[in-house]
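Following: one structure in structure tokens, then a few remarks.
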Amino acid sequence: MNLQGQFNRTYLNYLASVILPAIATALVIPLIKNLMGDALYGRFSLLFNATMISSIALTGWLTQSINRFYPSESNKRQLLKKVVSYVFFMLLIVVLPFFFFANKIGNDYTLSMLMSVSFVCISIQLILFSIAQASFLSRNILFAESIRTISYFLFMALLLIFIPTEGVNVMFIAVIFAYLLAIFFLVTIIRKHFNNQGGEDKEIQQRPQLKKFILYGTPLSLWFVFSNLNTYIDKLFLVRYFNESIQGNYQALFDFISRGITLLVSPVLLTLMPLLSKEYEIKKERQVRVFLKKILGYMLLGWLIALLCYQTFAAKFLFLILHIPQNEDFHKCGLLIISTVFIWQLAMVVHKLLELKLKTEKMLFFVIISFLSQCAFYLSMKECSSILIFPFGCLLSSLVYLVLVSIPLFLSKRNAHPKTS
């Protein structure tokens, strides 16, 4: 099957996996925000995002290395054993420091314990997800993600209805419950996959494999930290310059739009890396470039459709169900958030060639520049009283990153085809 055919088949499986989570998100985010209130919802989002970023910082190097090297690895069973040992070793080292970090920002021992357990569960789920993804188990990932997302939102809503006084703690209990379900299911399908494959284990050397993973994955791990900070730092500045109620409304609007778009676009990114890695390893870079151009065209069309839908009918509906003030500033925030998410997703596709070329240090350098440009923008606009500076900062950061990752690829293409006299 050609690259387009493989992509279509795997993409449709991944797309099906996000339909139910997307519906659950659309139904439950408004309910949770209304049950918790603007300020409490904003507080939970800040704490949960801090936990998620910490998990990504810990596991990002390993998940990306799995996606890059696992599909072409001949000794998959032994490699999986090494990966499991890496994960448990890392968690033993960092779980206690994370507890103290959580207590510092949460200022509550019970909450810190729940955040620490969430941190462990999210880290394990991220690793298992990458193994299933690299094994092309897209149908099973469909079910696992549906279980995680739907159980998370539904369990959270039920707990908030019956135990409303423990809002933030209840939401972290729901996170733990949902991720444990996903872990159990992913472990089951990965074991079944290896049992069906059969074959004898072959010994692999730990140090060379670990060194290769670290050299490739560490810059990517840091890259994930800074890329997540790009959509986290705006909320911290907003809390500092405005009040928690405004931050909660902005957070709900950002979550609903960004998660909705990301859920629909993420199957593209999930499908691309394992397929492109296989094509690139057999020296088909030209086909990879042509295919990525097609994907970019589809995403630009999706961006236009999203903007038209928002302007014609979606904005009023969104503000109504989220109980957000229907004023011009929040309306413009929605437009800026839509553009930010799509520009960032375009950059995710463009930088796939840098990933394939193992130029992860360039990606890290570029995302740090984009993050610093966002911080500089907020600091320079601290006297501004408009909420619009925060989505503008996110938009600026995404645009800077897209431009930076496009430059080396454009230059490499020109060098590969020099003009002849």
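Identifiers in this document derive from the order of the structure tokens: chains are assigned A, B, ..., residues are numbered from 1 separately in each chain, and ligands are numbered from 1 in order of occurrence.
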
Contacts of Lys332 of chain A at 12 Å (only C-alpha atoms; same-chain gap of 6+ positions) as a tab-separated table (two decimals) with C-alpha atoms, in the first residue's frame:
```
chain	number	residue	atom	x	y	z
A	250	TYR	CA	-10.71	32.90	28.99
A	253	LEU	CA	-12.98	29.53	25.81
A	254	PHE	CA	-9.39	28.54	25.06
A	307	LEU	CA	-13.19	30.80	10.89
A	310	TYR	CA	-17.20	30.74	14.14
A	311	GLN	CA	-18.22	34.02	12.51
A	315	ALA	CA	-19.53	32.04	18.48
A	326	GLN	CA	-20.89	38.10	24.84
A	338	ILE	CA	-8.67	29.54	16.26
A	339	SER	CA	-5.88	31.10	14.19
A	386	SER	CA	-7.32	44.68	27.01
A	387	ILE	CA	-7.65	40.92	27.37
A	388	LEU	CA	-6.79	40.63	23.67
A	389	ILE	CA	-3.06	40.87	24.38
A	390	PHE	CA	-3.08	37.27	25.67
A	391	PRO	CA	-4.39	35.48	22.56
A	392	PHE	CA	-2.27	37.90	20.50
```

Near Leu379 of chain A, counting only C-alpha atoms, which residues have an atom at most 12 Å away, once you skip same-chain residues fewer than 2 positions from it, shown as a PyMOL selection string? chain A and resi 233-234+237-238+240-241+372-377+381-384+389-390+393

Could you write out that same residue set with N, CA and C atoms as an mmCIF file, in the first residue's frame?
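Contents of out_5.cif, as written:
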```
data_model
loop_
_atom_site.group_PDB
_atom_site.id
_atom_site.type_symbol
_atom_site.label_atom_id
_atom_site.label_comp_id
_atom_site.auth_asym_id
_atom_site.auth_seq_id
_atom_site.Cartn_x
_atom_site.Cartn_y
_atom_site.Cartn_z
ATOM 1 N N ILE A 233 1.701 30.138 29.603
ATOM 2 C CA ILE A 233 2.211 31.389 30.156
ATOM 3 C C ILE A 233 1.186 32.506 30.030
ATOM 4 N N ASP A 234 0.337 32.467 28.996
ATOM 5 C CA ASP A 234 -0.671 33.519 28.832
ATOM 6 C C ASP A 234 -1.653 33.516 30.000
ATOM 7 N N PHE A 237 0.095 35.141 33.080
ATOM 8 C CA PHE A 237 0.110 36.603 32.964
ATOM 9 C C PHE A 237 -1.296 37.174 33.142
ATOM 10 N N LEU A 238 -2.301 36.461 32.632
ATOM 11 C CA LEU A 238 -3.679 36.951 32.740
ATOM 12 C C LEU A 238 -4.114 37.031 34.196
ATOM 13 N N ARG A 240 -2.202 37.458 36.668
ATOM 14 C CA ARG A 240 -1.432 38.542 37.292
ATOM 15 C C ARG A 240 -2.016 39.915 36.962
ATOM 16 N N TYR A 241 -2.448 40.114 35.722
ATOM 17 C CA TYR A 241 -2.918 41.424 35.290
ATOM 18 C C TYR A 241 -4.414 41.631 35.497
ATOM 19 N N LEU A 372 10.196 33.004 24.171
ATOM 20 C CA LEU A 372 10.748 34.269 24.667
ATOM 21 C C LEU A 372 10.091 35.467 23.992
ATOM 22 N N SER A 373 9.762 35.323 22.713
ATOM 23 C CA SER A 373 9.073 36.420 22.022
ATOM 24 C C SER A 373 7.696 36.667 22.629
ATOM 25 N N GLN A 374 7.027 35.585 23.042
ATOM 26 C CA GLN A 374 5.724 35.724 23.682
ATOM 27 C C GLN A 374 5.850 36.424 25.034
ATOM 28 N N CYS A 375 6.831 36.001 25.837
ATOM 29 C CA CYS A 375 7.049 36.640 27.143
ATOM 30 C C CYS A 375 7.396 38.112 26.980
ATOM 31 N N ALA A 376 8.271 38.419 26.026
ATOM 32 C CA ALA A 376 8.659 39.811 25.787
ATOM 33 C C ALA A 376 7.452 40.653 25.383
ATOM 34 N N PHE A 377 6.567 40.071 24.574
ATOM 35 C CA PHE A 377 5.362 40.782 24.152
ATOM 36 C C PHE A 377 4.482 41.107 25.357
ATOM 37 N N MET A 381 3.537 44.850 27.001
ATOM 38 C CA MET A 381 2.136 45.276 26.948
ATOM 39 C C MET A 381 1.483 45.273 28.331
ATOM 40 N N LYS A 382 2.288 45.288 29.389
ATOM 41 C CA LYS A 382 1.721 45.160 30.731
ATOM 42 C C LYS A 382 0.831 46.329 31.127
ATOM 43 N N GLU A 383 0.996 47.475 30.460
ATOM 44 C CA GLU A 383 0.142 48.625 30.762
ATOM 45 C C GLU A 383 -1.177 48.571 29.994
ATOM 46 N N CYS A 384 -1.291 47.630 29.058
ATOM 47 C CA CYS A 384 -2.509 47.515 28.251
ATOM 48 C C CYS A 384 -3.619 46.873 29.081
ATOM 49 N N ILE A 389 -4.520 41.041 24.470
ATOM 50 C CA ILE A 389 -3.060 40.867 24.384
ATOM 51 C C ILE A 389 -2.657 39.415 24.627
ATOM 52 N N PHE A 390 -3.475 38.640 25.332
ATOM 53 C CA PHE A 390 -3.079 37.270 25.675
ATOM 54 C C PHE A 390 -3.226 36.310 24.495
ATOM 55 N N GLY A 393 -0.508 37.222 22.038
ATOM 56 C CA GLY A 393 0.799 36.680 22.386
ATOM 57 C C GLY A 393 0.962 35.239 21.931
#
```

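Excluding Lys293 of chain A and any residue on its chain fewer than 6 positions from it, the residues at most 10 Å away by only C-alpha atoms are Met299, Val349 and Val350 of chain A.
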
Can you pull out every residue within 10 Å of Gln345 of chain A, counting only C-alpha atoms, but drop anything in the same chain fewer than 3 positions away, and send it as a CSV table (one decimal) with C-alpha atoms, in the first residue's frame?
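What ended up in out-v3.csv:
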```csv
chain,number,residue,atom,x,y,z
A,261,ILE,CA,-9.6,21.7,16.9
A,262,THR,CA,-6.7,19.7,18.2
A,265,VAL,CA,-6.3,17.6,13.7
A,266,SER,CA,-4.3,15.4,16.1
A,268,VAL,CA,-3.0,13.7,11.2
A,269,LEU,CA,0.0,14.2,13.5
A,296,LEU,CA,-0.7,21.5,4.7
A,299,MET,CA,-5.2,22.1,7.0
A,339,SER,CA,-5.9,31.1,14.2
A,340,THR,CA,-3.3,30.3,16.9
A,341,VAL,CA,-4.2,26.6,17.0
A,342,PHE,CA,-4.2,26.2,13.2
A,348,MET,CA,3.8,20.7,13.6
A,349,VAL,CA,3.5,19.4,10.1
A,350,VAL,CA,6.3,21.5,8.7
A,398,SER,CA,2.9,30.2,16.9
A,402,LEU,CA,6.2,28.4,12.0
```

Ser116 of chain A environment, 8 Å, only C-alpha atoms, sequence neighbours closer than 5 positions dropped, as an MDAnalysis selection string: chainID A and resid 95 98:99 102
